[in-house]
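Colleague: I'd like to ask you about the structure that follows.
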Amino acid sequence: MITNRQSGTNVHEIADGIYRINTPIVIEGAGAFSFNQYLIADDQPLIFHTGPRRLFPLVREAVESVLPVESLRYIAFSHVEADECGSLNEWLAAAPQSVPLCGAVAATVSIGDLADRAPRALADGELLLLGTHAVRWLDTPHLPHAWECGFLTEERTATLLCGDLFTQGGADLAPITESDILGPSEAFRHGMDYFSHTKHARAMLERLAATQPATLACMHGSAWRGDGAALLRALADSLEA
């Protein structure tokens, strides 16, 4: 469903109760790209990635097509970066009962100061109940980048909210695909290497694979459906090649 015809912002349900909000953009010198946020509709709704501040009105409009913005309880993100949490305070103002949700490192070194309300910090491996959904935080320092980086896995739908892993360029992409995304994402990485290349990448990717994700909710490009464990291990192989 297109929620803003001028920008092309759109919303699609990629797993039960989990919605991909997508806005296509053009980056000068880099071409077509897109930003995704993921909304989990439940008793305590959660959005993962805020989007940059300039996209806030578009993303808010998209959220409103699913549920009232003021009902949001958690404003979550992987790490501290403009597209991850640039509009955090705008969301906190729009949803008075909400709090930032992030890992302990981000809460300590950045969000406790940057956010207008104190964050809810999740420990590595901690489970948070939202209602029928439950999300677990997994620390992934420097994977793909940032000391405070981490991801959420939604356990009922086996959805891994995998942030900047499997970033795909382009903007006119399917909301969810079963086609190859490793090839396009690795081509994008080789052209603009945003990975820190931590020596612990394989161990962390193996830990993510052990959650047996059936859906990968990528921040840029299509979400993906299939054997997520195999794809994560294939990424580990590619990073070591």
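By convention here, the chains of the structure tokens are called A, B, ... in the order presented, each chain's residues are numbered starting at 1, and ligands are numbered starting at 1 in the order presented.
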May I have the residues within 12 Å of Ser7 in chain A as a ChimeraX atom specification, using only C-alpha atoms and disregarding those fewer than 6 positions away in the same chain?
Modeller: /A:22-26,34-35,54-55,57-59,61-62,171
Colleague: Kindly save the residues from that selection, with N, CA, C and O atoms included, as a PDB file, in the first residue's frame.
Modeller:
```
ATOM      1  N   ASN A  22       8.710   1.558   3.698  1.00  0.00           N
ATOM      2  CA  ASN A  22       9.793   1.783   2.746  1.00  0.00           C
ATOM      3  C   ASN A  22       9.631   3.137   2.072  1.00  0.00           C
ATOM      4  O   ASN A  22       8.541   3.495   1.622  1.00  0.00           O
ATOM      5  N   THR A  23      10.736   3.882   2.008  1.00  0.00           N
ATOM      6  CA  THR A  23      10.749   5.145   1.272  1.00  0.00           C
ATOM      7  C   THR A  23      11.908   5.123   0.290  1.00  0.00           C
ATOM      8  O   THR A  23      13.070   5.026   0.703  1.00  0.00           O
ATOM      9  N   PRO A  24      11.634   5.190  -1.021  1.00  0.00           N
ATOM     10  CA  PRO A  24      12.708   5.259  -2.013  1.00  0.00           C
ATOM     11  C   PRO A  24      13.283   6.674  -2.070  1.00  0.00           C
ATOM     12  O   PRO A  24      12.558   7.660  -1.898  1.00  0.00           O
ATOM     13  N   ILE A  25      14.595   6.751  -2.274  1.00  0.00           N
ATOM     14  CA  ILE A  25      15.257   8.054  -2.374  1.00  0.00           C
ATOM     15  C   ILE A  25      16.309   7.996  -3.473  1.00  0.00           C
ATOM     16  O   ILE A  25      16.598   6.920  -4.024  1.00  0.00           O
ATOM     17  N   VAL A  26      16.888   9.126  -3.774  1.00  0.00           N
ATOM     18  CA  VAL A  26      18.049   9.201  -4.665  1.00  0.00           C
ATOM     19  C   VAL A  26      19.160   9.900  -3.901  1.00  0.00           C
ATOM     20  O   VAL A  26      18.966  11.001  -3.367  1.00  0.00           O
ATOM     21  N   SER A  34      17.040   3.148  -0.708  1.00  0.00           N
ATOM     22  CA  SER A  34      15.789   3.155   0.052  1.00  0.00           C
ATOM     23  C   SER A  34      16.081   3.005   1.536  1.00  0.00           C
ATOM     24  O   SER A  34      17.123   2.473   1.935  1.00  0.00           O
ATOM     25  N   PHE A  35      15.149   3.493   2.333  1.00  0.00           N
ATOM     26  CA  PHE A  35      15.201   3.330   3.779  1.00  0.00           C
ATOM     27  C   PHE A  35      13.973   2.544   4.224  1.00  0.00           C
ATOM     28  O   PHE A  35      12.855   2.858   3.819  1.00  0.00           O
ATOM     29  N   ARG A  54      14.448  14.023   8.335  1.00  0.00           N
ATOM     30  CA  ARG A  54      13.694  14.609   7.223  1.00  0.00           C
ATOM     31  C   ARG A  54      12.617  13.658   6.696  1.00  0.00           C
ATOM     32  O   ARG A  54      11.695  14.089   6.007  1.00  0.00           O
ATOM     33  N   LEU A  55      12.721  12.374   7.010  1.00  0.00           N
ATOM     34  CA  LEU A  55      11.698  11.424   6.580  1.00  0.00           C
ATOM     35  C   LEU A  55      10.602  11.212   7.625  1.00  0.00           C
ATOM     36  O   LEU A  55       9.637  10.495   7.365  1.00  0.00           O
ATOM     37  N   PRO A  57       7.958  12.853   8.791  1.00  0.00           N
ATOM     38  CA  PRO A  57       6.533  12.997   8.437  1.00  0.00           C
ATOM     39  C   PRO A  57       6.022  11.862   7.553  1.00  0.00           C
ATOM     40  O   PRO A  57       4.876  11.426   7.700  1.00  0.00           O
ATOM     41  N   LEU A  58       6.866  11.366   6.648  1.00  0.00           N
ATOM     42  CA  LEU A  58       6.461  10.280   5.752  1.00  0.00           C
ATOM     43  C   LEU A  58       6.308   8.967   6.506  1.00  0.00           C
ATOM     44  O   LEU A  58       5.351   8.213   6.291  1.00  0.00           O
ATOM     45  N   VAL A  59       7.251   8.691   7.411  1.00  0.00           N
ATOM     46  CA  VAL A  59       7.191   7.434   8.167  1.00  0.00           C
ATOM     47  C   VAL A  59       6.040   7.482   9.164  1.00  0.00           C
ATOM     48  O   VAL A  59       5.318   6.494   9.356  1.00  0.00           O
ATOM     49  N   GLU A  61       3.244   9.070   8.767  1.00  0.00           N
ATOM     50  CA  GLU A  61       2.030   8.864   7.971  1.00  0.00           C
ATOM     51  C   GLU A  61       1.830   7.377   7.671  1.00  0.00           C
ATOM     52  O   GLU A  61       0.707   6.867   7.724  1.00  0.00           O
ATOM     53  N   ALA A  62       2.925   6.678   7.384  1.00  0.00           N
ATOM     54  CA  ALA A  62       2.844   5.249   7.092  1.00  0.00           C
ATOM     55  C   ALA A  62       2.435   4.453   8.333  1.00  0.00           C
ATOM     56  O   ALA A  62       1.603   3.542   8.265  1.00  0.00           O
ATOM     57  N   ALA A 171      15.965   1.234  -5.649  1.00  0.00           N
ATOM     58  CA  ALA A 171      14.770   1.664  -4.931  1.00  0.00           C
ATOM     59  C   ALA A 171      13.516   0.927  -5.374  1.00  0.00           C
ATOM     60  O   ALA A 171      12.593   0.772  -4.586  1.00  0.00           O
TER      61      ALA A 171
END
```
Colleague: With a distance cut-off of 8 Å and only C-alpha atoms, select the neighbouring residues of Met1 in chain A, excluding the residue or stretch itself and same-chain residues fewer than 3 positions from it, and output the selection as a VMD selection string.
Modeller: chain A and resid 10 to 12
Colleague: To one decimal place, how far is CA of Thr167 in chain A from CA of His220 in chain A in Å?
Modeller: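 Here the two named atoms are 5.0 Å from each other.
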Colleague: Could you write out, as a PyMOL selection string, all the residues of range 34-234 of chain A that DSSP marks as helix (DSSP H, G or I)?
Modeller: chain A and resi 53-64+69-71+82-85+88-94+104-114+182-191+201-209+228-234
Colleague: Those residues with C-alpha atoms, as a PDB file, in the first residue's frame please?
Modeller:
```
ATOM      1  CA  ARG A  53      14.671  13.334  10.655  1.00  0.00           C
ATOM      2  CA  ARG A  54      13.694  14.609   7.223  1.00  0.00           C
ATOM      3  CA  LEU A  55      11.698  11.424   6.580  1.00  0.00           C
ATOM      4  CA  PHE A  56       9.797  11.568   9.870  1.00  0.00           C
ATOM      5  CA  PRO A  57       6.533  12.997   8.437  1.00  0.00           C
ATOM      6  CA  LEU A  58       6.461  10.280   5.752  1.00  0.00           C
ATOM      7  CA  VAL A  59       7.191   7.434   8.167  1.00  0.00           C
ATOM      8  CA  ARG A  60       4.697   8.767  10.688  1.00  0.00           C
ATOM      9  CA  GLU A  61       2.030   8.864   7.971  1.00  0.00           C
ATOM     10  CA  ALA A  62       2.844   5.249   7.092  1.00  0.00           C
ATOM     11  CA  VAL A  63       2.646   4.101  10.732  1.00  0.00           C
ATOM     12  CA  GLU A  64      -0.731   5.819  11.040  1.00  0.00           C
ATOM     13  CA  VAL A  69       1.312   6.677  16.418  1.00  0.00           C
ATOM     14  CA  GLU A  70       0.599   7.615  20.033  1.00  0.00           C
ATOM     15  CA  SER A  71       0.200   3.889  20.843  1.00  0.00           C
ATOM     16  CA  ALA A  82      21.078   9.127  11.396  1.00  0.00           C
ATOM     17  CA  ASP A  83      18.964   6.576   9.533  1.00  0.00           C
ATOM     18  CA  GLU A  84      18.780   4.372  12.645  1.00  0.00           C
ATOM     19  CA  CYS A  85      17.746   6.957  15.238  1.00  0.00           C
ATOM     20  CA  LEU A  88      14.206   9.471  17.769  1.00  0.00           C
ATOM     21  CA  ASN A  89      13.098  12.558  19.656  1.00  0.00           C
ATOM     22  CA  GLU A  90      10.370  13.307  17.113  1.00  0.00           C
ATOM     23  CA  TRP A  91       8.951   9.814  17.751  1.00  0.00           C
ATOM     24  CA  LEU A  92       9.200  10.255  21.517  1.00  0.00           C
ATOM     25  CA  ALA A  93       7.212  13.488  21.221  1.00  0.00           C
ATOM     26  CA  ALA A  94       4.578  11.891  18.967  1.00  0.00           C
ATOM     27  CA  ALA A 104      23.311  -1.436  26.887  1.00  0.00           C
ATOM     28  CA  VAL A 105      26.330   0.129  25.170  1.00  0.00           C
ATOM     29  CA  ALA A 106      24.239   2.562  23.110  1.00  0.00           C
ATOM     30  CA  ALA A 107      22.194   3.474  26.174  1.00  0.00           C
ATOM     31  CA  THR A 108      25.308   4.210  28.215  1.00  0.00           C
ATOM     32  CA  VAL A 109      27.496   6.047  25.724  1.00  0.00           C
ATOM     33  CA  SER A 110      24.938   7.939  23.617  1.00  0.00           C
ATOM     34  CA  ILE A 111      21.194   7.588  24.088  1.00  0.00           C
ATOM     35  CA  GLY A 112      21.118   8.464  27.775  1.00  0.00           C
ATOM     36  CA  ASP A 113      22.306  11.901  26.681  1.00  0.00           C
ATOM     37  CA  LEU A 114      20.805  12.289  23.178  1.00  0.00           C
ATOM     38  CA  LEU A 182      23.556 -11.907  -1.073  1.00  0.00           C
ATOM     39  CA  GLY A 183      24.940 -11.190  -4.541  1.00  0.00           C
ATOM     40  CA  PRO A 184      23.461  -7.678  -4.765  1.00  0.00           C
ATOM     41  CA  SER A 185      24.350  -6.854  -1.163  1.00  0.00           C
ATOM     42  CA  GLU A 186      27.939  -8.030  -1.563  1.00  0.00           C
ATOM     43  CA  ALA A 187      28.244  -6.039  -4.792  1.00  0.00           C
ATOM     44  CA  PHE A 188      27.040  -2.989  -2.866  1.00  0.00           C
ATOM     45  CA  ARG A 189      29.511  -3.668  -0.035  1.00  0.00           C
ATOM     46  CA  HIS A 190      32.441  -4.014  -2.420  1.00  0.00           C
ATOM     47  CA  GLY A 191      31.524  -0.686  -4.001  1.00  0.00           C
ATOM     48  CA  ALA A 201      32.149 -11.721  12.341  1.00  0.00           C
ATOM     49  CA  ARG A 202      31.762 -15.459  11.718  1.00  0.00           C
ATOM     50  CA  ALA A 203      31.019 -16.255  15.363  1.00  0.00           C
ATOM     51  CA  MET A 204      28.370 -13.539  15.534  1.00  0.00           C
ATOM     52  CA  LEU A 205      26.816 -14.558  12.211  1.00  0.00           C
ATOM     53  CA  GLU A 206      26.715 -18.163  13.424  1.00  0.00           C
ATOM     54  CA  ARG A 207      24.903 -17.020  16.568  1.00  0.00           C
ATOM     55  CA  LEU A 208      22.362 -15.179  14.419  1.00  0.00           C
ATOM     56  CA  ALA A 209      22.020 -18.249  12.195  1.00  0.00           C
ATOM     57  CA  GLY A 228      18.019 -17.405   6.836  1.00  0.00           C
ATOM     58  CA  ALA A 229      20.572 -19.539   8.648  1.00  0.00           C
ATOM     59  CA  ALA A 230      22.095 -20.687   5.363  1.00  0.00           C
ATOM     60  CA  LEU A 231      22.176 -17.129   4.019  1.00  0.00           C
ATOM     61  CA  LEU A 232      23.890 -15.785   7.131  1.00  0.00           C
ATOM     62  CA  ARG A 233      26.515 -18.524   6.901  1.00  0.00           C
ATOM     63  CA  ALA A 234      26.992 -17.710   3.210  1.00  0.00           C
TER      64      ALA A 234
END
```
Colleague: DSSP says strand (DSSP E) for which residues of range 64-222 of chain A? Put them as an MDAnalysis selection string?
Modeller: chainID A and resid 74:76 99:103 120:122 127:129 134:139 150:154 159:163 176:177 215:218
Colleague: Nearest to Ala15 in chain A among A:Thr159, A:Gln44, A:Ser98, A:Thr50, with distances taken over only C-alpha atoms: which residue is it?
Modeller: A:Thr159
Colleague: Given only C-alpha atoms as the basis, pick out the residue of A:Ser222, A:Thr9, A:Thr215, A:Ser196 nearest to Pro144 in chain A.
Modeller: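 Answer, going by the shortest atom-to-atom distance: A:Ser196.
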Colleague: Give me the residues within 12 Å of Leu128 in chain A as a list in words, counting only C-alpha atoms and dropping any in the same chain fewer than 4 places off.
Modeller: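 My list of contacting residues is Gln44, Pro45, Leu46, Arg73, Tyr74, Ala76, Leu101, Cys102, Arg120, Ala121, Leu122, Ala123, Asp124, Thr132, His133, Ala134, Val135, Arg136, Trp137, Leu138, Leu152, Thr153, Glu154 and Glu155 of chain A.
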Colleague: Go ahead and dump the residues you just picked, N, CA, C and O atoms, as a short mmCIF file (atom, residue, chain, number, x, y, z; two decimals), in the first residue's frame.
Modeller:
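Generated output (result_14.cif):
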```cif
data_model
loop_
_atom_site.label_atom_id
_atom_site.label_comp_id
_atom_site.auth_asym_id
_atom_site.auth_seq_id
_atom_site.Cartn_x
_atom_site.Cartn_y
_atom_site.Cartn_z
N GLN A 44 2.05 -3.80 22.79
CA GLN A 44 3.06 -2.77 23.00
C GLN A 44 3.83 -2.61 21.68
O GLN A 44 4.88 -3.23 21.50
N PRO A 45 3.31 -1.80 20.78
CA PRO A 45 3.91 -1.71 19.44
C PRO A 45 5.35 -1.19 19.48
O PRO A 45 5.73 -0.38 20.34
N LEU A 46 6.11 -1.68 18.52
CA LEU A 46 7.53 -1.34 18.42
C LEU A 46 7.86 -0.97 16.98
O LEU A 46 7.38 -1.61 16.05
N ARG A 73 5.06 1.98 21.85
CA ARG A 73 5.68 1.82 23.18
C ARG A 73 7.20 1.84 23.11
O ARG A 73 7.86 2.32 24.03
N TYR A 74 7.77 1.31 22.02
CA TYR A 74 9.22 1.21 21.91
C TYR A 74 9.70 1.78 20.58
O TYR A 74 9.19 1.41 19.52
N ALA A 76 12.92 1.55 18.66
CA ALA A 76 14.12 0.70 18.73
C ALA A 76 15.03 0.93 17.52
O ALA A 76 14.58 1.38 16.46
N LEU A 101 14.59 2.07 22.74
CA LEU A 101 14.96 0.69 23.04
C LEU A 101 16.23 0.37 22.27
O LEU A 101 16.26 0.47 21.04
N CYS A 102 17.28 -0.01 23.00
CA CYS A 102 18.57 -0.25 22.37
C CYS A 102 19.41 -1.13 23.28
O CYS A 102 18.98 -1.52 24.36
N ARG A 120 15.29 2.30 27.45
CA ARG A 120 15.17 0.96 28.01
C ARG A 120 16.30 0.16 27.38
O ARG A 120 16.29 -0.12 26.18
N ALA A 121 17.32 -0.15 28.17
CA ALA A 121 18.49 -0.86 27.66
C ALA A 121 18.27 -2.37 27.78
O ALA A 121 17.87 -2.86 28.84
N LEU A 122 18.53 -3.08 26.69
CA LEU A 122 18.41 -4.54 26.69
C LEU A 122 19.79 -5.17 26.81
O LEU A 122 20.72 -4.81 26.07
N ALA A 123 19.92 -6.12 27.71
CA ALA A 123 21.15 -6.88 27.82
C ALA A 123 21.25 -7.89 26.68
O ALA A 123 20.24 -8.27 26.08
N ASP A 124 22.44 -8.31 26.39
CA ASP A 124 22.64 -9.31 25.34
C ASP A 124 21.84 -10.57 25.67
O ASP A 124 21.97 -11.14 26.76
N THR A 132 1.60 -10.78 21.71
CA THR A 132 1.76 -12.08 21.05
C THR A 132 3.15 -12.22 20.45
O THR A 132 3.58 -13.34 20.16
N HIS A 133 3.83 -11.12 20.22
CA HIS A 133 5.21 -11.15 19.72
C HIS A 133 6.19 -11.00 20.89
O HIS A 133 5.85 -10.43 21.93
N ALA A 134 7.41 -11.48 20.66
CA ALA A 134 8.48 -11.30 21.64
C ALA A 134 9.78 -11.08 20.89
O ALA A 134 10.08 -11.80 19.93
N VAL A 135 10.54 -10.08 21.29
CA VAL A 135 11.80 -9.78 20.62
C VAL A 135 12.97 -10.03 21.57
O VAL A 135 12.87 -9.77 22.77
N ARG A 136 14.04 -10.53 21.01
CA ARG A 136 15.25 -10.79 21.78
C ARG A 136 16.39 -9.97 21.19
O ARG A 136 16.61 -9.96 19.97
N TRP A 137 17.14 -9.27 22.05
CA TRP A 137 18.27 -8.46 21.62
C TRP A 137 19.54 -9.30 21.57
O TRP A 137 19.84 -10.04 22.52
N LEU A 138 20.29 -9.18 20.49
CA LEU A 138 21.57 -9.87 20.35
C LEU A 138 22.65 -8.84 20.03
O LEU A 138 22.59 -8.14 19.01
N LEU A 152 17.49 -7.32 16.68
CA LEU A 152 16.37 -7.97 17.35
C LEU A 152 15.90 -9.15 16.52
O LEU A 152 15.80 -9.05 15.29
N THR A 153 15.58 -10.23 17.19
CA THR A 153 14.93 -11.36 16.53
C THR A 153 13.53 -11.51 17.14
O THR A 153 13.38 -11.49 18.36
N GLU A 154 12.52 -11.58 16.27
CA GLU A 154 11.15 -11.77 16.75
C GLU A 154 10.88 -13.26 16.72
O GLU A 154 10.89 -13.89 15.66
N GLU A 155 10.60 -13.84 17.87
CA GLU A 155 10.66 -15.29 18.00
C GLU A 155 9.44 -16.01 17.44
O GLU A 155 9.56 -17.11 16.92
#
```
Colleague: Using only C-alpha atoms for the distances, tell me which of A:Arg20, A:His79, A:Arg117, A:His142 is nearest to Cys218 in chain A.
Modeller: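 With only C-alpha atoms as the atom set, the closest residue is A:Arg20.
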Colleague: Nearest to Ala30 in chain A among A:Ala214, A:Ala146, A:Met192, A:Ile18, with distances taken over only C-alpha atoms: which residue is it?
Modeller: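 Distance minimum relative to Ala30 in chain A lands on A:Met192.
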Colleague: Which one of A:Gln212, A:Gln97, A:Asn4, A:Ser65 sits closest to Arg156 in chain A if you count only C-alpha atoms?
Modeller: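 Of A:Gln212, A:Gln97, A:Asn4, A:Ser65, the one nearest Arg156 in chain A, counting only C-alpha atoms, is A:Gln212.
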